[in-house]
Amino acid sequence: MSVSAHDRLHTLRNALQDQFERYTHKLTTLTAHGTAPEHEGFDRQTAVALIDSTRQALADTTQALKRMTEGTYGRCEQCQLDIPVERLEILPHARFCVPCQQTQHR
Ligand SMILES: [Zn+2]
């Protein structure tokens, strides 16, 4: 696997980490003040949902980096076939190929 894919995953993980901290901070603020100011555009429930999806993406990215070390990166966890490069470019932490992803419930 090329170095650029590895770099991309690292960058992604850092970005997700930042995002996660921002959302967590937001939630703390929202919880402390009870309600969100109108212009903020999102409430406590949205913050919780964002934290959840960011946490999931972060976990997937960490797993992807681990798989890269093990040499199994880019392989579908379900059918064991190579995930198309185009898909990995859009979603570097993809765990499944498209057909298998559609059978997953997350
Ligand atoms: Zn598959």
# chains A, B, ... in the order shown; residues from 1 in each chain; ligands from 1
>>> residues_near_ligand(ligand="ligand 1", cutoff="8 Å", atoms="only C-alpha atoms and all ligand atoms", output="ChimeraX atom specification")
/A:75-83,96-101
>>> closest_residue(among="A:Gln104, A:Leu9, A:Glu86, A:Thr31", to="Asp60 in chain A", atoms="only C-alpha atoms")
A:Leu9
>>> atom_distance(atom1="CA of Ser53 in chain A", atom2="CA of Ala32 in chain A")
22.3 Å
>>> residues_around(residues="Thr11 in chain A", least_positions_apart="4", cutoff="12 Å", atoms="only C-alpha atoms", output="number ranges by chain")
A: 4-7, 15-18, 58, 61-62, 65, 92-93
>>> write_last_selection(atoms="N, CA and C atoms", output="compact mmCIF listing (two decimals), in the first residue's frame")
# COMPACT_ATOMS: atom_id res chain seq x y z
N SER A 4 0.88 7.45 0.56
CA SER A 4 -0.13 8.50 0.57
C SER A 4 -1.42 8.05 1.27
N ALA A 5 -1.79 6.79 1.10
CA ALA A 5 -2.99 6.28 1.77
C ALA A 5 -2.79 6.31 3.28
N HIS A 6 -1.58 5.98 3.69
CA HIS A 6 -1.25 5.99 5.11
C HIS A 6 -1.32 7.41 5.66
N ASP A 7 -0.73 8.35 4.91
CA ASP A 7 -0.77 9.76 5.30
C ASP A 7 -2.21 10.27 5.39
N ALA A 15 -8.03 14.91 12.06
CA ALA A 15 -9.19 15.76 11.83
C ALA A 15 -10.39 15.28 12.65
N LEU A 16 -10.58 13.97 12.66
CA LEU A 16 -11.70 13.41 13.41
C LEU A 16 -11.53 13.64 14.91
N GLN A 17 -10.27 13.52 15.35
CA GLN A 17 -9.97 13.75 16.76
C GLN A 17 -10.34 15.18 17.16
N ASP A 18 -9.96 16.13 16.30
CA ASP A 18 -10.30 17.55 16.53
C ASP A 18 -11.81 17.74 16.59
N LEU A 58 -13.83 7.52 13.91
CA LEU A 58 -12.52 7.52 14.55
C LEU A 58 -12.06 6.08 14.82
N THR A 61 -11.15 4.46 11.56
CA THR A 61 -9.87 4.97 11.06
C THR A 61 -8.70 4.34 11.80
N THR A 62 -8.85 4.21 13.12
CA THR A 62 -7.82 3.57 13.93
C THR A 62 -7.65 2.12 13.48
N LEU A 65 -5.77 1.96 10.18
CA LEU A 65 -4.32 2.14 10.38
C LEU A 65 -3.69 0.85 10.89
N PRO A 92 -11.48 6.49 3.18
CA PRO A 92 -10.23 5.76 3.46
C PRO A 92 -10.35 4.72 4.56
N HIS A 93 -11.33 4.89 5.45
CA HIS A 93 -11.46 3.94 6.55
C HIS A 93 -12.55 2.91 6.30
>>> select_by_dssp(residues="chain A", states="alpha helix (DSSP H)", output="PyMOL selection string")
chain A and resi 3-33+44-70+85-90+98-101
>>> atom_distance(atom1="CA of Gln45 in chain A", atom2="CA of Thr28 in chain A")
12.2 Å
>>> closest_residue(among="A:Thr24, A:Thr46, A:Thr54, A:Gln63", to="His10 in chain A", atoms="only C-alpha atoms")
A:Gln63
>>> atom_distance(atom1="CA of Leu88 in chain A", atom2="CA of Thr103 in chain A")
18.3 Å
>>> closest_residue(among="A:Arg87, A:Lys26, A:Arg8, A:Ile51", to="Met68 in chain A", atoms="only C-alpha atoms")
A:Arg8
